[in-house]
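Source file: entry-v4.cif. Holds: mmCIF, C-alpha atoms.
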```
data_run
loop_
_atom_site.group_PDB
_atom_site.id
_atom_site.type_symbol
_atom_site.label_atom_id
_atom_site.label_comp_id
_atom_site.auth_asym_id
_atom_site.auth_seq_id
_atom_site.Cartn_x
_atom_site.Cartn_y
_atom_site.Cartn_z
ATOM 1 C CA MET A 292 -191.804 -10.010 -2.071
ATOM 2 C CA LYS A 293 -192.144 -6.332 -2.866
ATOM 3 C CA LYS A 294 -189.498 -5.568 -0.338
ATOM 4 C CA ILE A 295 -187.011 -7.887 -2.028
ATOM 5 C CA ARG A 296 -187.665 -6.337 -5.422
ATOM 6 C CA THR A 297 -187.141 -2.832 -4.104
ATOM 7 C CA LEU A 298 -183.970 -3.968 -2.448
ATOM 8 C CA ALA A 299 -182.701 -5.565 -5.654
ATOM 9 C CA ILE A 300 -183.385 -2.409 -7.670
ATOM 10 C CA ALA A 301 -181.713 -0.252 -5.039
ATOM 11 C CA LEU A 302 -178.708 -2.537 -5.028
ATOM 12 C CA ALA A 303 -178.402 -2.504 -8.809
ATOM 13 C CA ALA A 304 -178.624 1.286 -8.817
ATOM 14 C CA ALA A 305 -176.008 1.590 -6.075
ATOM 15 C CA LEU A 306 -173.676 -0.598 -8.066
ATOM 16 C CA ALA A 307 -174.188 1.076 -11.399
ATOM 17 C CA VAL A 308 -174.456 4.792 -10.670
ATOM 18 C CA PRO A 309 -170.966 5.634 -9.389
ATOM 19 C CA ALA A 310 -169.382 3.979 -12.407
ATOM 20 C CA TRP A 311 -171.761 5.420 -14.963
ATOM 21 C CA ALA A 312 -169.126 7.165 -17.044
ATOM 22 C CA ASP A 313 -166.720 4.271 -16.931
ATOM 23 C CA ASP A 314 -166.394 1.911 -19.872
ATOM 24 C CA SER A 315 -165.418 -0.929 -17.565
ATOM 25 C CA ILE A 316 -168.799 -0.579 -15.893
ATOM 26 C CA TRP A 317 -169.918 -4.177 -16.390
ATOM 27 C CA LYS A 318 -166.672 -5.692 -15.215
ATOM 28 C CA TRP A 319 -166.836 -3.390 -12.253
ATOM 29 C CA ALA A 320 -170.485 -4.208 -11.527
ATOM 30 C CA ILE A 321 -169.847 -7.920 -11.162
ATOM 31 C CA SER A 322 -166.490 -7.512 -9.434
ATOM 32 C CA LEU A 323 -166.092 -7.866 -5.693
ATOM 33 C CA GLU A 324 -163.284 -5.330 -5.702
ATOM 34 C CA ARG A 325 -164.855 -2.324 -4.043
ATOM 35 C CA SER A 326 -161.989 -0.622 -2.286
ATOM 36 C CA LYS A 327 -161.048 2.968 -2.931
ATOM 37 C CA GLU A 328 -157.288 2.642 -2.640
ATOM 38 C CA ALA A 329 -155.088 0.668 -4.999
ATOM 39 C CA ARG A 330 -154.382 -2.848 -3.722
ATOM 40 C CA PRO A 331 -151.714 -2.596 -1.006
ATOM 41 C CA VAL A 332 -148.377 -4.287 -1.705
ATOM 42 C CA SER A 333 -148.712 -7.953 -0.766
ATOM 43 C CA LEU A 334 -145.470 -9.509 -2.027
ATOM 44 C CA PRO A 335 -142.710 -9.283 0.635
ATOM 45 C CA ARG A 336 -139.954 -9.399 -1.972
ATOM 46 C CA TYR A 337 -141.534 -6.460 -3.816
ATOM 47 C CA ALA A 338 -141.843 -4.491 -0.572
ATOM 48 C CA ASP A 339 -138.197 -5.255 0.340
ATOM 49 C CA GLU A 340 -136.599 -4.822 -3.042
ATOM 50 C CA CYS A 341 -138.361 -1.598 -4.064
ATOM 51 C CA GLY A 342 -138.650 -0.300 -0.519
ATOM 52 C CA SER A 343 -134.937 -0.465 0.189
ATOM 53 C CA CYS A 344 -134.509 2.676 -1.938
ATOM 54 C CA HIS A 345 -137.891 4.369 -2.207
ATOM 55 C CA TYR A 346 -141.575 4.084 -1.374
ATOM 56 C CA ALA A 347 -142.735 0.720 -2.709
ATOM 57 C CA TYR A 348 -145.477 2.019 -5.003
ATOM 58 C CA PRO A 349 -148.548 -0.214 -5.114
ATOM 59 C CA PRO A 350 -148.527 -1.714 -8.640
ATOM 60 C CA GLY A 351 -152.105 -0.468 -9.150
ATOM 61 C CA LEU A 352 -150.754 3.063 -9.563
ATOM 62 C CA LEU A 353 -149.352 2.328 -13.046
ATOM 63 C CA PRO A 354 -150.631 0.331 -16.026
ATOM 64 C CA GLU A 355 -149.000 -2.937 -17.032
ATOM 65 C CA ALA A 356 -147.228 -1.355 -20.019
ATOM 66 C CA SER A 357 -145.424 1.004 -17.621
ATOM 67 C CA TRP A 358 -144.227 -1.844 -15.409
ATOM 68 C CA ARG A 359 -143.014 -3.757 -18.471
ATOM 69 C CA LYS A 360 -140.881 -0.768 -19.463
ATOM 70 C CA LEU A 361 -139.611 -0.039 -15.950
ATOM 71 C CA LEU A 362 -138.605 -3.615 -15.195
ATOM 72 C CA ALA A 363 -137.278 -4.606 -18.619
ATOM 73 C CA PRO A 364 -133.773 -6.169 -18.401
ATOM 74 C CA GLN A 365 -132.165 -3.286 -20.270
ATOM 75 C CA ALA A 366 -133.851 -0.712 -18.014
ATOM 76 C CA LEU A 367 -132.292 -1.962 -14.760
ATOM 77 C CA PRO A 368 -128.802 -0.389 -15.040
ATOM 78 C CA ASP A 369 -130.389 3.063 -15.321
ATOM 79 C CA HIS A 370 -133.453 3.196 -13.091
ATOM 80 C CA PHE A 371 -133.887 6.973 -12.794
ATOM 81 C CA GLY A 372 -130.100 7.262 -12.615
ATOM 82 C CA GLU A 373 -129.571 4.334 -10.233
ATOM 83 C CA ASN A 374 -128.224 0.879 -11.005
ATOM 84 C CA ILE A 375 -130.731 -1.710 -9.803
ATOM 85 C CA GLU A 376 -129.428 -4.821 -11.566
ATOM 86 C CA MET A 377 -130.774 -8.054 -10.083
ATOM 87 C CA LYS A 378 -130.993 -11.728 -10.879
ATOM 88 C CA GLU A 379 -133.318 -12.682 -13.719
ATOM 89 C CA ALA A 380 -135.504 -14.826 -11.447
ATOM 90 C CA GLU A 381 -135.974 -11.900 -9.100
ATOM 91 C CA ARG A 382 -136.737 -9.509 -11.944
ATOM 92 C CA THR A 383 -139.425 -11.757 -13.407
ATOM 93 C CA GLU A 384 -140.967 -12.343 -9.981
ATOM 94 C CA LEU A 385 -141.276 -8.598 -9.382
ATOM 95 C CA LEU A 386 -142.485 -7.884 -12.911
ATOM 96 C CA ASP A 387 -145.080 -10.675 -12.860
ATOM 97 C CA TYR A 388 -146.434 -9.387 -9.590
ATOM 98 C CA ALA A 389 -146.523 -5.769 -10.754
ATOM 99 C CA ALA A 390 -148.121 -6.692 -14.088
ATOM 100 C CA ARG A 391 -150.785 -8.868 -12.460
ATOM 101 C CA ASN A 392 -151.779 -6.088 -10.092
ATOM 102 C CA ALA A 393 -151.287 -3.176 -12.494
ATOM 103 C CA ALA A 394 -153.867 -0.407 -12.723
ATOM 104 C CA ASP A 395 -155.453 -1.870 -15.864
ATOM 105 C CA HIS A 396 -155.987 -5.218 -14.103
ATOM 106 C CA SER A 397 -157.504 -3.750 -10.998
ATOM 107 C CA LEU A 398 -160.944 -2.262 -10.418
ATOM 108 C CA THR A 399 -160.268 -0.190 -7.320
ATOM 109 C CA LYS A 400 -161.312 3.424 -7.611
ATOM 110 C CA ARG A 401 -157.759 4.790 -7.799
ATOM 111 C CA SER A 402 -156.669 2.321 -10.439
ATOM 112 C CA ARG A 403 -159.725 2.967 -12.602
ATOM 113 C CA LYS A 404 -159.263 6.748 -12.319
ATOM 114 C CA ILE A 405 -155.595 6.402 -13.231
ATOM 115 C CA VAL A 406 -156.316 4.300 -16.312
ATOM 116 C CA ALA A 407 -159.123 6.626 -17.380
ATOM 117 C CA SER A 408 -156.809 9.639 -17.201
ATOM 118 C CA LEU A 409 -153.889 8.176 -19.165
ATOM 119 C CA GLY A 410 -155.094 9.450 -22.535
ATOM 120 C CA GLU A 411 -152.261 9.996 -24.989
ATOM 121 C CA GLN A 412 -149.667 8.712 -22.567
ATOM 122 C CA PRO A 413 -150.504 5.023 -22.292
ATOM 123 C CA ALA A 414 -147.334 3.987 -20.448
ATOM 124 C CA PRO A 415 -145.878 6.739 -18.244
ATOM 125 C CA LEU A 416 -142.645 5.903 -16.418
ATOM 126 C CA ARG A 417 -143.434 8.189 -13.526
ATOM 127 C CA ILE A 418 -146.543 8.195 -11.383
ATOM 128 C CA SER A 419 -146.124 11.963 -11.163
ATOM 129 C CA GLU A 420 -146.830 12.177 -14.929
ATOM 130 C CA ILE A 421 -150.316 10.732 -14.584
ATOM 131 C CA ALA A 422 -153.015 13.355 -15.184
ATOM 132 C CA TYR A 423 -155.213 12.068 -12.343
ATOM 133 C CA ILE A 424 -152.345 12.231 -9.829
ATOM 134 C CA ARG A 425 -151.353 15.720 -11.006
ATOM 135 C CA ARG A 426 -154.942 16.926 -10.774
ATOM 136 C CA LYS A 427 -155.234 15.589 -7.235
ATOM 137 C CA HIS A 428 -152.196 17.607 -6.165
ATOM 138 C CA GLN A 429 -152.635 20.807 -8.168
ATOM 139 C CA LYS A 430 -153.970 22.907 -5.265
ATOM 140 C CA ILE A 431 -150.901 22.273 -3.139
ATOM 141 C CA PRO A 432 -148.406 25.155 -3.479
ATOM 142 C CA GLU A 433 -145.143 24.165 -5.156
ATOM 143 C CA ALA A 434 -143.172 25.337 -2.108
ATOM 144 C CA GLN A 435 -144.732 22.550 -0.039
ATOM 145 C CA ILE A 436 -143.684 19.753 -2.405
ATOM 146 C CA LYS A 437 -140.869 20.596 -4.839
ATOM 147 C CA GLY A 438 -139.498 23.435 -2.737
ATOM 148 C CA ASN A 439 -139.817 21.436 0.482
ATOM 149 C CA PRO A 440 -136.473 19.806 1.379
ATOM 150 C CA LYS A 441 -138.298 17.080 3.304
ATOM 151 C CA VAL A 442 -140.458 16.178 0.297
ATOM 152 C CA LYS A 443 -138.562 17.239 -2.861
ATOM 153 C CA SER A 444 -140.959 15.767 -5.390
ATOM 154 C CA LEU A 445 -144.416 14.435 -6.096
ATOM 155 C CA ALA A 446 -142.819 10.975 -6.326
ATOM 156 C CA MET A 447 -142.168 10.860 -2.573
ATOM 157 C CA CYS A 448 -145.685 9.716 -1.659
ATOM 158 C CA ASP A 449 -144.763 8.614 1.843
ATOM 159 C CA ALA A 450 -143.181 11.956 2.740
ATOM 160 C CA CYS A 451 -146.711 13.326 3.296
ATOM 161 C CA HIS A 452 -149.096 10.362 3.053
ATOM 162 C CA THR A 453 -148.541 9.004 6.537
ATOM 163 C CA GLN A 454 -150.394 5.743 5.860
ATOM 164 C CA ALA A 455 -148.761 5.158 2.472
ATOM 165 C CA SER A 456 -146.951 1.994 3.537
ATOM 166 C CA ALA A 457 -150.340 0.390 4.168
ATOM 167 C CA GLY A 458 -151.443 1.509 0.701
ATOM 168 C CA ASP A 459 -153.650 4.337 2.009
ATOM 169 C CA LEU A 460 -153.179 7.488 -0.082
ATOM 170 C CA ASP A 461 -156.311 9.269 1.099
ATOM 171 C CA ASP A 462 -156.021 13.009 1.763
ATOM 172 C CA HIS A 463 -157.250 12.612 5.355
ATOM 173 C CA SER A 464 -153.950 11.120 6.436
ATOM 174 C CA VAL A 465 -151.759 13.737 4.753
ATOM 175 C CA VAL A 466 -149.293 15.675 6.901
ATOM 176 C CA ILE A 467 -146.946 17.889 4.868
ATOM 177 C CA PRO A 468 -143.566 18.190 6.652
ATOM 178 C CA GLY A 469 -143.145 21.740 7.934
ATOM 179 C CA TYR A 470 -146.755 22.646 7.076
ATOM 180 C CA GLY A 471 -148.850 20.164 9.004
ATOM 181 C CA ARG A 472 -152.103 18.427 8.261
ATOM 182 C CA TRP A 473 -153.581 19.150 4.837
ATOM 183 C CA ARG A 474 -156.960 20.904 4.898
ATOM 184 C CA TRP A 475 -159.151 21.635 1.937
ATOM 185 C CA MET B 1212 -148.209 -47.212 29.272
ATOM 186 C CA GLY B 1213 -144.589 -46.093 29.540
ATOM 187 C CA ASN B 1214 -144.395 -45.929 25.788
ATOM 188 C CA ARG B 1215 -147.339 -43.606 25.583
ATOM 189 C CA ARG B 1216 -145.920 -41.344 28.209
ATOM 190 C CA PHE B 1217 -142.628 -41.204 26.365
ATOM 191 C CA ALA B 1218 -144.414 -40.324 23.155
ATOM 192 C CA ARG B 1219 -146.246 -37.504 24.908
ATOM 193 C CA ILE B 1220 -143.066 -36.050 26.344
ATOM 194 C CA ALA B 1221 -141.319 -36.356 22.973
ATOM 195 C CA LEU B 1222 -144.165 -34.518 21.294
ATOM 196 C CA LEU B 1223 -144.031 -31.733 23.864
ATOM 197 C CA LEU B 1224 -140.302 -31.382 23.366
ATOM 198 C CA LEU B 1225 -140.738 -31.238 19.613
ATOM 199 C CA LEU B 1226 -143.364 -28.531 19.964
ATOM 200 C CA LEU B 1227 -141.071 -26.551 22.209
ATOM 201 C CA LEU B 1228 -138.251 -26.822 19.676
ATOM 202 C CA ALA B 1229 -140.550 -25.724 16.878
ATOM 203 C CA CYS B 1230 -141.389 -22.602 18.863
ATOM 204 C CA LEU B 1231 -137.749 -21.797 19.495
ATOM 205 C CA ALA B 1232 -136.456 -22.395 15.978
ATOM 206 C CA PRO B 1233 -137.714 -19.201 14.302
ATOM 207 C CA ALA B 1234 -136.072 -17.145 17.048
ATOM 208 C CA ALA B 1235 -132.638 -18.295 15.929
ATOM 209 C CA GLN B 1236 -131.285 -15.438 13.816
ATOM 210 C CA ALA B 1237 -128.849 -15.509 10.934
ATOM 211 C CA GLU B 1238 -125.460 -14.117 11.882
ATOM 212 C CA ALA B 1239 -122.963 -12.050 9.940
ATOM 213 C CA ASP B 1240 -121.011 -14.497 7.815
ATOM 214 C CA PHE B 1241 -117.691 -12.870 6.919
ATOM 215 C CA GLY B 1242 -115.879 -16.209 6.694
ATOM 216 C CA ASN B 1243 -118.037 -17.304 3.809
ATOM 217 C CA LEU B 1244 -117.553 -13.980 2.020
ATOM 218 C CA TYR B 1245 -113.756 -14.005 2.402
ATOM 219 C CA ARG B 1246 -113.724 -17.566 1.062
ATOM 220 C CA LEU B 1247 -115.776 -16.476 -1.941
ATOM 221 C CA TYR B 1248 -113.468 -13.552 -2.736
ATOM 222 C CA SER B 1249 -110.323 -15.639 -2.160
ATOM 223 C CA GLN B 1250 -111.563 -18.201 -4.657
ATOM 224 C CA ALA B 1251 -112.107 -15.310 -7.072
ATOM 225 C CA GLY B 1252 -108.469 -14.276 -6.802
ATOM 226 C CA GLY B 1253 -108.279 -11.975 -3.774
ATOM 227 C CA ARG B 1254 -105.687 -12.482 -1.013
ATOM 228 C CA ASP B 1255 -104.538 -11.041 2.339
ATOM 229 C CA PHE B 1256 -107.574 -8.844 2.792
ATOM 230 C CA ASN B 1257 -106.543 -5.724 4.591
ATOM 231 C CA PRO B 1258 -108.750 -3.307 6.585
ATOM 232 C CA GLY B 1259 -106.454 -0.334 5.920
ATOM 233 C CA ARG B 1260 -106.701 -0.815 2.171
ATOM 234 C CA GLY B 1261 -110.443 -1.309 2.592
ATOM 235 C CA LYS B 1262 -110.752 1.979 4.421
ATOM 236 C CA ASP B 1263 -108.762 3.830 1.745
ATOM 237 C CA PHE B 1264 -111.050 2.359 -0.898
ATOM 238 C CA TRP B 1265 -114.153 3.312 1.103
ATOM 239 C CA LEU B 1266 -113.055 6.918 1.501
ATOM 240 C CA LYS B 1267 -111.389 7.474 -1.868
ATOM 241 C CA GLU B 1268 -113.077 10.353 -3.649
ATOM 242 C CA ARG B 1269 -114.396 9.589 -7.091
ATOM 243 C CA ALA B 1270 -116.113 11.803 -9.648
ATOM 244 C CA GLY B 1271 -119.894 11.611 -9.337
ATOM 245 C CA GLU B 1272 -122.277 11.919 -12.259
ATOM 246 C CA SER B 1273 -122.233 15.699 -12.358
ATOM 247 C CA GLY B 1274 -118.535 15.931 -11.523
ATOM 248 C CA GLU B 1275 -118.866 16.487 -7.774
ATOM 249 C CA PRO B 1276 -116.580 14.255 -5.676
ATOM 250 C CA MET B 1277 -118.200 11.345 -3.875
ATOM 251 C CA ASN B 1278 -117.178 8.251 -1.957
ATOM 252 C CA CYS B 1279 -118.913 5.395 -0.165
ATOM 253 C CA ALA B 1280 -119.563 7.652 2.820
ATOM 254 C CA SER B 1281 -121.545 10.064 0.626
ATOM 255 C CA CYS B 1282 -124.517 7.756 1.055
ATOM 256 C CA HIS B 1283 -123.519 5.443 3.905
ATOM 257 C CA GLY B 1284 -122.518 8.336 6.184
ATOM 258 C CA ALA B 1285 -119.282 9.261 7.932
ATOM 259 C CA ASP B 1286 -120.036 7.062 10.968
ATOM 260 C CA LEU B 1287 -120.494 3.405 10.079
ATOM 261 C CA ARG B 1288 -122.471 2.852 13.257
ATOM 262 C CA LYS B 1289 -125.082 5.409 12.290
ATOM 263 C CA GLN B 1290 -127.697 5.557 9.532
ATOM 264 C CA GLY B 1291 -126.621 6.975 6.202
ATOM 265 C CA ARG B 1292 -128.749 8.874 3.723
ATOM 266 C CA HIS B 1293 -129.019 8.281 -0.005
ATOM 267 C CA ASN B 1294 -127.455 11.253 -1.784
ATOM 268 C CA LYS B 1295 -130.376 11.683 -4.185
ATOM 269 C CA SER B 1296 -133.545 10.220 -2.708
ATOM 270 C CA GLY B 1297 -132.701 11.099 0.893
ATOM 271 C CA LYS B 1298 -133.891 7.644 1.966
ATOM 272 C CA PRO B 1299 -132.200 6.459 5.195
ATOM 273 C CA ILE B 1300 -129.691 3.617 4.773
ATOM 274 C CA GLU B 1301 -129.277 1.326 7.776
ATOM 275 C CA PRO B 1302 -125.832 1.346 9.486
ATOM 276 C CA MET B 1303 -123.040 -0.720 7.892
ATOM 277 C CA ALA B 1304 -121.419 -1.703 11.203
ATOM 278 C CA PRO B 1305 -122.181 -5.318 12.143
ATOM 279 C CA SER B 1306 -121.839 -4.300 15.798
ATOM 280 C CA VAL B 1307 -125.062 -2.280 15.620
ATOM 281 C CA ASN B 1308 -126.828 -3.805 12.613
ATOM 282 C CA LYS B 1309 -127.236 -7.548 12.981
ATOM 283 C CA ASP B 1310 -128.871 -7.923 9.560
ATOM 284 C CA ARG B 1311 -125.767 -6.945 7.618
ATOM 285 C CA TYR B 1312 -123.543 -9.592 5.934
ATOM 286 C CA THR B 1313 -125.946 -12.429 6.749
ATOM 287 C CA ASP B 1314 -126.924 -13.040 3.128
ATOM 288 C CA VAL B 1315 -124.104 -13.538 0.607
ATOM 289 C CA GLU B 1316 -126.374 -12.897 -2.377
ATOM 290 C CA LYS B 1317 -127.502 -9.604 -0.953
ATOM 291 C CA VAL B 1318 -123.906 -8.492 -0.351
ATOM 292 C CA GLU B 1319 -123.016 -9.424 -3.929
ATOM 293 C CA LYS B 1320 -126.069 -7.648 -5.328
ATOM 294 C CA TRP B 1321 -125.235 -4.384 -3.634
ATOM 295 C CA PHE B 1322 -121.521 -4.564 -4.471
ATOM 296 C CA LEU B 1323 -122.500 -4.970 -8.120
ATOM 297 C CA ARG B 1324 -124.987 -2.093 -8.105
ATOM 298 C CA ASN B 1325 -122.984 0.369 -6.054
ATOM 299 C CA CYS B 1326 -119.626 -0.299 -7.722
ATOM 300 C CA LYS B 1327 -121.140 0.173 -11.169
ATOM 301 C CA GLN B 1328 -122.906 3.290 -9.933
ATOM 302 C CA VAL B 1329 -119.922 4.984 -8.312
ATOM 303 C CA LEU B 1330 -116.876 3.442 -10.053
ATOM 304 C CA ARG B 1331 -118.633 2.712 -13.348
ATOM 305 C CA ARG B 1332 -117.162 -0.781 -13.245
ATOM 306 C CA GLU B 1333 -117.469 -3.896 -11.103
ATOM 307 C CA CYS B 1334 -115.260 -4.100 -8.035
ATOM 308 C CA THR B 1335 -112.528 -6.735 -7.950
ATOM 309 C CA ALA B 1336 -112.585 -9.601 -5.461
ATOM 310 C CA GLN B 1337 -109.586 -7.977 -3.762
ATOM 311 C CA GLU B 1338 -111.426 -4.674 -3.301
ATOM 312 C CA LYS B 1339 -114.529 -6.388 -1.949
ATOM 313 C CA GLY B 1340 -112.539 -8.473 0.533
ATOM 314 C CA ASP B 1341 -110.568 -5.449 1.740
ATOM 315 C CA VAL B 1342 -113.714 -3.368 2.221
ATOM 316 C CA LEU B 1343 -115.441 -6.169 4.115
ATOM 317 C CA ARG B 1344 -112.417 -6.540 6.392
ATOM 318 C CA TYR B 1345 -112.668 -2.812 7.143
ATOM 319 C CA LEU B 1346 -116.443 -2.891 7.692
ATOM 320 C CA SER B 1347 -116.276 -6.021 9.854
ATOM 321 C CA GLN B 1348 -114.259 -4.109 12.445
ATOM 322 C CA SER B 1349 -116.891 -1.410 12.916
#
```

Just give me the structure of the file as structure tokens.
Amino acid sequence: MKKIRTLAIALAAALAVPAWADDSIWKWAISLERSKEARPVSLPRYADECGSCHYAYPPGLLPEASWRKLLAPQALPDHFGENIEMKEAERTELLDYAARNAADHSLTKRSRKIVASLGEQPAPLRISEIAYIRRKHQKIPEAQIKGNPKVKSLAMCDACHTQASAGDLDDHSVVIPGYGRWRW
Amino acid sequence: MGNRRFARIALLLLLLLACLAPAAQAEADFGNLYRLYSQAGGRDFNPGRGKDFWLKERAGESGEPMNCASCHGADLRKQGRHNKSGKPIEPMAPSVNKDRYTDVEKVEKWFLRNCKQVLRRECTAQEKGDVLRYLSQS
């Protein structure tokens, strides 16, 4: 009996402590979502449609309000300078999926950190504008990202994150083109 | 007895067919596309005109000249590279890329996007048919 009680207390502590500072602590505590990375892309049409031009960003890297702006009908003809017009049914399918899995509807560590760092910018259009993402990359010299012709910008996740297509953006799998494996 | 045996063989055959079916791949469907663009007013699609259209230099956003090959590459049988993102674009030649021209909606989607991007207007049915005639020979 004593053993079970100790176990229960230990379990409760393990659940609660890492999320202490988070206001979504109770949602998080009862959630089964325990992964570190944002949910990997699971909709083939999303992977195809977005991935035919750029890394198909897992929706959990931006809040819903961002996805609503990015995939609004009037936003499609000028998507960062590119025309990405598509049929209405396709647009709503992609937007529904992105909104459902957006950072503010996901309790993975990355998504929670992203939402917590948004602050005065509740709906950024670029992942590279998110404070958490910028902080995570601030020690990397500019020459290795912006000045690197094989990377060009912080938006090119999969240029260095070798497991990005599986949704893994951990620093252990980073290889910067021309510079090699990233070491802290 | 004979009936049962027949049923068993029929079932086996069906199973075999079911296994083979997904292996059948969609093929490039130029006929369908030409029909579509003829109905929309195009006629006598010509590969030479298509090639001229493909290679015609047009003013890009910042004034620099660009044409279809700027992103799709000079050799239709090789990968191209998007002029801004640097993302590889699979070859346009149906002889090396079996996935091209198999889906009419996809062809239409990219004509719409790329024409508006580069020409700042939609392409005509004539232009699309001519270009396809040119690409189909690669």

With a distance threshold of 9 Å and counting all atoms listed in the file, extract the residues of chain B near chain A and express them as number ranges by chain. B: 1293, 1296-1300, 1320-1321, 1323-1325, 1327-1328

Would you write out those residues with C-alpha atoms, as a PDB file, keeping the file's coordinate frame?
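Output file part_20.pdb is given in full below:
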```
ATOM      1  CA  HIS B1293    -129.019   8.281  -0.005  1.00  0.00           C
ATOM      2  CA  SER B1296    -133.545  10.220  -2.708  1.00  0.00           C
ATOM      3  CA  GLY B1297    -132.701  11.099   0.893  1.00  0.00           C
ATOM      4  CA  LYS B1298    -133.891   7.644   1.966  1.00  0.00           C
ATOM      5  CA  PRO B1299    -132.200   6.459   5.195  1.00  0.00           C
ATOM      6  CA  ILE B1300    -129.691   3.617   4.773  1.00  0.00           C
ATOM      7  CA  LYS B1320    -126.069  -7.648  -5.328  1.00  0.00           C
ATOM      8  CA  TRP B1321    -125.235  -4.384  -3.634  1.00  0.00           C
ATOM      9  CA  LEU B1323    -122.500  -4.970  -8.120  1.00  0.00           C
ATOM     10  CA  ARG B1324    -124.987  -2.093  -8.105  1.00  0.00           C
ATOM     11  CA  ASN B1325    -122.984   0.369  -6.054  1.00  0.00           C
ATOM     12  CA  LYS B1327    -121.140   0.173 -11.169  1.00  0.00           C
ATOM     13  CA  GLN B1328    -122.906   3.290  -9.933  1.00  0.00           C
TER      14      GLN B1328
END
```

If we count all atoms listed in the file and set the cut-off at 7 Å, which residues sit around stretch 1285-1290 of chain B, ignoring sequence neighbours fewer than 4 positions away in its own chain? Please answer as a list in words.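 My list of contacting residues is Ala1280, Pro1299, Ile1300, Glu1301, Pro1302, Met1303, Ala1304, Val1307 and Ser1349 of chain B.
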
Restricting it to C-alpha atoms, dump the selection as a PDB file, in the coordinates of the input.
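Writing done, so here's out-v1.pdb:
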```
ATOM      1  CA  ALA B1280    -119.563   7.652   2.820  1.00  0.00           C
ATOM      2  CA  PRO B1299    -132.200   6.459   5.195  1.00  0.00           C
ATOM      3  CA  ILE B1300    -129.691   3.617   4.773  1.00  0.00           C
ATOM      4  CA  GLU B1301    -129.277   1.326   7.776  1.00  0.00           C
ATOM      5  CA  PRO B1302    -125.832   1.346   9.486  1.00  0.00           C
ATOM      6  CA  MET B1303    -123.040  -0.720   7.892  1.00  0.00           C
ATOM      7  CA  ALA B1304    -121.419  -1.703  11.203  1.00  0.00           C
ATOM      8  CA  VAL B1307    -125.062  -2.280  15.620  1.00  0.00           C
ATOM      9  CA  SER B1349    -116.891  -1.410  12.916  1.00  0.00           C
TER      10      SER B1349
END
```

A:Leu386 environment, 7 Å, all atoms listed in the file, sequence neighbours closer than 3 positions dropped, as a PyMOL selection string: chain A and resi 358-359+362+382-383+389-390

Selected by the PyMOL selection byres ((chain B and resi 1277) around 12) in the shown coordinates: which residues, as a PDB file with C-alpha atoms, in the coordinates of the input?
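The result, written out as part.pdb:
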```
ATOM      1  CA  PHE B1264    -111.050   2.359  -0.898  1.00  0.00           C
ATOM      2  CA  TRP B1265    -114.153   3.312   1.103  1.00  0.00           C
ATOM      3  CA  LEU B1266    -113.055   6.918   1.501  1.00  0.00           C
ATOM      4  CA  LYS B1267    -111.389   7.474  -1.868  1.00  0.00           C
ATOM      5  CA  GLU B1268    -113.077  10.353  -3.649  1.00  0.00           C
ATOM      6  CA  ARG B1269    -114.396   9.589  -7.091  1.00  0.00           C
ATOM      7  CA  ALA B1270    -116.113  11.803  -9.648  1.00  0.00           C
ATOM      8  CA  GLY B1271    -119.894  11.611  -9.337  1.00  0.00           C
ATOM      9  CA  GLU B1272    -122.277  11.919 -12.259  1.00  0.00           C
ATOM     10  CA  SER B1273    -122.233  15.699 -12.358  1.00  0.00           C
ATOM     11  CA  GLY B1274    -118.535  15.931 -11.523  1.00  0.00           C
ATOM     12  CA  GLU B1275    -118.866  16.487  -7.774  1.00  0.00           C
ATOM     13  CA  PRO B1276    -116.580  14.255  -5.676  1.00  0.00           C
ATOM     14  CA  ASN B1278    -117.178   8.251  -1.957  1.00  0.00           C
ATOM     15  CA  CYS B1279    -118.913   5.395  -0.165  1.00  0.00           C
ATOM     16  CA  ALA B1280    -119.563   7.652   2.820  1.00  0.00           C
ATOM     17  CA  SER B1281    -121.545  10.064   0.626  1.00  0.00           C
ATOM     18  CA  CYS B1282    -124.517   7.756   1.055  1.00  0.00           C
ATOM     19  CA  HIS B1283    -123.519   5.443   3.905  1.00  0.00           C
ATOM     20  CA  GLY B1284    -122.518   8.336   6.184  1.00  0.00           C
ATOM     21  CA  HIS B1293    -129.019   8.281  -0.005  1.00  0.00           C
ATOM     22  CA  ASN B1294    -127.455  11.253  -1.784  1.00  0.00           C
ATOM     23  CA  GLN B1328    -122.906   3.290  -9.933  1.00  0.00           C
ATOM     24  CA  VAL B1329    -119.922   4.984  -8.312  1.00  0.00           C
ATOM     25  CA  LEU B1330    -116.876   3.442 -10.053  1.00  0.00           C
TER      26      LEU B1330
END
```

Written as a count of residues only, what is the full residue list that the PyMOL selection byres ((chain B and resi 1241) around 8) yields on the file shown? 9

Listed atoms of stretch 1249-1257 of chain B, axis-aligned box, 5 Å per side: centre and edge lengths to one decimal in Å, as lines of an AutoDock Vina configuration file?
```
center_x = -108.3
center_y = -12.0
center_z = -1.2
size_x = 17.6
size_y = 22.5
size_z = 21.7
```
